[in-house]
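S.K.: Before I ask anything, let me first share the structure, which is written out below as C-alpha cells.
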Amino acid sequence: MKQEVTNNPLSEAIGYQLKRVTALLRTRMDKALRPLGLTVPQYACLELLGQQPGLSNADLARGAFVTRQSMNLVLRGLQDRGLVQRPESVDQGRARPSQLTGTGCEVLERASASIAEVERQMLAGLSEGELHGIRNALSRCSSNLG
C-alpha cells in the first residue's frame, strides 16, 4: 500500500495548531493556578458556579469538559477546602445544586485575574478584528463537528 504524500507540513494543519495552542494554554493555566492550589478543572468549576450558581454535577462536568465521576472528585475537593457548598440531600431527584462560599468567591476572583493575564499574553498583538474572526471561526468549527 502506497502512502500518500502531502505538500503541507504537520505544523500547517489547523488541527495540529489547535492542539499545540491548547497544550500550551493548559500548561500556562496550570502554572498560573498552582499558587492558589487549584487545577484547571477546579478553576472551571468555580468559574461556572460564579456565573451560574446552583448547577448540578452533570452540568458542571459538561461545562468543564470532564466526566461526571471526575467532577464529583473536583467538587469534593472544593468542598473540603470550603470553596463550594452542596446540600447533603435534596427534596426531589438526585441532583445536588452547588454554590460558591464566600471564600470560594475570593479564590475565584484571584484565579480569574490570573487566567485573564494568561489569555491577555496569548492574544497579545491581535487586533479586535482578528479576535472577532478567531471567535467566529472557532465557533463555526465547533458547530461543524458538534
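In the C-alpha cells, chains take the letters A, B, ... in the order shown, each chain's residues start at 1, and ligands count up from 1 in the order shown.
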Skip Leu75 of chain A itself and residues of its chain fewer than 6 positions away, then list as a list in words all residues within 8 Å of it, counting only C-alpha atoms.
M.R.: Gln42, Cys45, Asn57 and Val84 of chain A
S.K.: Which residues, written as a list in words, have at least one atom at most 12 Å from Gln85 of chain A, with only C-alpha atoms counted and residues fewer than 2 positions away on the same chain left out?
M.R.: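 The residues satisfying every condition are Leu46, Leu49, Pro53, Gly54, Leu55, Ser56, Leu75, Arg76, Gly77, Leu78, Gln79, Asp80, Arg81, Gly82, Leu83, Pro87, Glu88, Ser89, Arg96, Pro97, Ser98, Gln99, Leu100, Thr101, Gly102, Thr103, Gly104 and Cys105 of chain A.
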S.K.: Just to be explicit: take each residue in the selection above, keep C-alpha atoms, and write the result as a tab-separated table (two decimals), in the first residue's frame.
M.R.:
```
chain	number	residue	atom	x	y	z
A	46	LEU	CA	-15.53	27.72	40.29
A	49	LEU	CA	-20.59	28.36	39.61
A	53	PRO	CA	-24.93	29.27	40.95
A	54	GLY	CA	-26.86	26.08	41.59
A	55	LEU	CA	-25.52	23.97	38.74
A	56	SER	CA	-25.61	20.22	39.19
A	75	LEU	CA	-16.48	19.10	43.85
A	76	ARG	CA	-15.45	17.01	46.84
A	77	GLY	CA	-12.03	18.63	46.84
A	78	LEU	CA	-13.51	22.11	46.58
A	79	GLN	CA	-15.98	21.32	49.38
A	80	ASP	CA	-13.18	20.03	51.60
A	81	ARG	CA	-11.38	23.37	51.10
A	82	GLY	CA	-14.56	25.31	51.94
A	83	LEU	CA	-14.83	26.85	48.46
A	87	PRO	CA	-26.79	20.27	50.33
A	88	GLU	CA	-26.48	16.85	51.93
A	89	SER	CA	-29.77	15.85	50.33
A	96	ARG	CA	-27.46	18.44	44.42
A	97	PRO	CA	-27.02	22.06	43.35
A	98	SER	CA	-23.66	23.60	44.14
A	99	GLN	CA	-22.74	27.16	45.01
A	100	LEU	CA	-19.65	29.11	45.94
A	101	THR	CA	-18.92	30.04	49.52
A	102	GLY	CA	-17.56	33.47	50.45
A	103	THR	CA	-14.05	32.02	50.41
A	104	GLY	CA	-14.80	30.39	47.06
A	105	CYS	CA	-15.77	33.79	45.62
```
S.K.: Atom CA of Ala113 of chain A and atom CA of Leu36 of chain A are how many Å apart?
M.R.: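 Rounded to one decimal, the two atoms are 11.6 Å apart.
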S.K.: Residues near segment 16-22 of chain A, anyone? I mean within 10 Å using only C-alpha atoms, not counting same-chain ones fewer than 6 positions away, as a PyMOL selection string.
M.R.: chain A and resi 10+28+122+138
S.K.: Considering only helix (DSSP H, G or I) as DSSP defines it on the backbone, what residues of chain A qualify? List them as number ranges by chain.
M.R.: A: 10-12, 14-36, 40-51, 57-64, 68-80, 102-122, 128-145
S.K.: Go ahead and write the residues just picked, C-alpha atoms, as a short mmCIF file (atom, residue, chain, number, x, y, z; two decimals), in the first residue's frame.
M.R.:
```cif
data_model
loop_
_atom_site.label_atom_id
_atom_site.label_comp_id
_atom_site.auth_asym_id
_atom_site.auth_seq_id
_atom_site.Cartn_x
_atom_site.Cartn_y
_atom_site.Cartn_z
CA LEU A 10 2.09 18.98 10.01
CA SER A 11 2.78 22.38 11.57
CA GLU A 12 0.44 23.97 9.00
CA ILE A 14 -5.24 23.60 11.66
CA GLY A 15 -5.98 20.67 13.99
CA TYR A 16 -2.30 20.44 14.91
CA GLN A 17 -2.13 24.18 15.60
CA LEU A 18 -5.27 23.99 17.77
CA LYS A 19 -3.79 21.09 19.76
CA ARG A 20 -0.50 22.96 20.18
CA VAL A 21 -2.24 26.11 21.44
CA THR A 22 -4.43 24.01 23.74
CA ALA A 23 -1.41 22.24 25.24
CA LEU A 24 0.50 25.49 25.75
CA LEU A 25 -2.56 27.23 27.21
CA ARG A 26 -3.18 24.35 29.62
CA THR A 27 0.44 24.45 30.78
CA ARG A 28 0.29 28.21 31.39
CA MET A 29 -3.08 27.93 33.17
CA ASP A 30 -1.72 25.16 35.42
CA LYS A 31 1.25 27.36 36.30
CA ALA A 32 -0.96 30.40 36.99
CA LEU A 33 -3.37 28.43 39.20
CA ARG A 34 -0.75 26.48 41.15
CA PRO A 35 -0.13 29.25 43.75
CA LEU A 36 -3.86 29.19 44.52
CA VAL A 40 -7.79 23.76 35.65
CA PRO A 41 -10.92 21.61 36.22
CA GLN A 42 -11.32 23.12 39.72
CA TYR A 43 -10.99 26.61 38.29
CA ALA A 44 -13.51 25.80 35.55
CA CYS A 45 -15.93 24.56 38.20
CA LEU A 46 -15.53 27.72 40.29
CA GLU A 47 -15.93 29.92 37.20
CA LEU A 48 -19.10 28.09 36.12
CA LEU A 49 -20.59 28.36 39.61
CA GLY A 50 -19.65 32.02 39.76
CA GLN A 51 -21.62 32.61 36.57
CA ASN A 57 -22.65 17.86 39.00
CA ALA A 58 -23.69 16.85 35.46
CA ASP A 59 -23.99 20.48 34.33
CA LEU A 60 -20.58 21.30 35.78
CA ALA A 61 -18.99 18.25 34.16
CA ARG A 62 -20.31 19.25 30.74
CA GLY A 63 -19.15 22.83 31.20
CA ALA A 64 -15.67 21.82 32.35
CA ARG A 68 -19.35 13.25 35.93
CA GLN A 69 -17.17 10.96 38.02
CA SER A 70 -14.22 13.37 37.68
CA MET A 71 -16.41 16.35 38.53
CA ASN A 72 -17.61 14.56 41.64
CA LEU A 73 -13.97 14.38 42.80
CA VAL A 74 -13.42 18.03 41.84
CA LEU A 75 -16.48 19.10 43.85
CA ARG A 76 -15.45 17.01 46.84
CA GLY A 77 -12.03 18.63 46.84
CA LEU A 78 -13.51 22.11 46.58
CA GLN A 79 -15.98 21.32 49.38
CA ASP A 80 -13.18 20.03 51.60
CA GLY A 102 -17.56 33.47 50.45
CA THR A 103 -14.05 32.02 50.41
CA GLY A 104 -14.80 30.39 47.06
CA CYS A 105 -15.77 33.79 45.62
CA GLU A 106 -12.50 35.29 46.85
CA VAL A 107 -10.40 32.47 45.39
CA LEU A 108 -12.33 32.68 42.12
CA GLU A 109 -11.63 36.40 41.86
CA ARG A 110 -7.87 35.82 42.19
CA ALA A 111 -7.94 32.82 39.85
CA SER A 112 -9.92 34.72 37.22
CA ALA A 113 -7.39 37.55 37.29
CA SER A 114 -4.54 35.06 36.82
CA ILE A 115 -6.26 33.34 33.92
CA ALA A 116 -7.17 36.67 32.32
CA GLU A 117 -3.47 37.55 32.35
CA VAL A 118 -2.61 34.26 30.63
CA GLU A 119 -5.25 34.95 27.98
CA ARG A 120 -4.00 38.53 27.55
CA GLN A 121 -0.49 37.19 26.90
CA MET A 122 -1.81 34.59 24.46
CA GLU A 128 -10.07 43.44 17.61
CA GLY A 129 -10.93 42.33 14.09
CA GLU A 130 -8.62 39.34 14.34
CA LEU A 131 -10.06 38.38 17.73
CA HIS A 132 -13.60 38.62 16.34
CA GLY A 133 -12.55 36.46 13.38
CA ILE A 134 -10.94 33.85 15.62
CA ARG A 135 -14.03 33.65 17.85
CA ASN A 136 -16.33 33.26 14.85
CA ALA A 137 -14.09 30.70 13.14
CA LEU A 138 -13.75 28.58 16.28
CA SER A 139 -17.48 28.76 16.90
CA ARG A 140 -18.18 27.57 13.37
CA CYS A 141 -15.61 24.76 13.69
CA SER A 142 -17.33 23.59 16.90
CA SER A 143 -20.73 23.71 15.21
CA ASN A 144 -19.43 21.79 12.21
CA LEU A 145 -18.12 18.99 14.43
#
```
S.K.: When DSSP is applied to the backbone of this structure, which of chain A are assigned strand (DSSP E)? Write them out as number ranges by chain.
M.R.: A: 84-85, 99-100
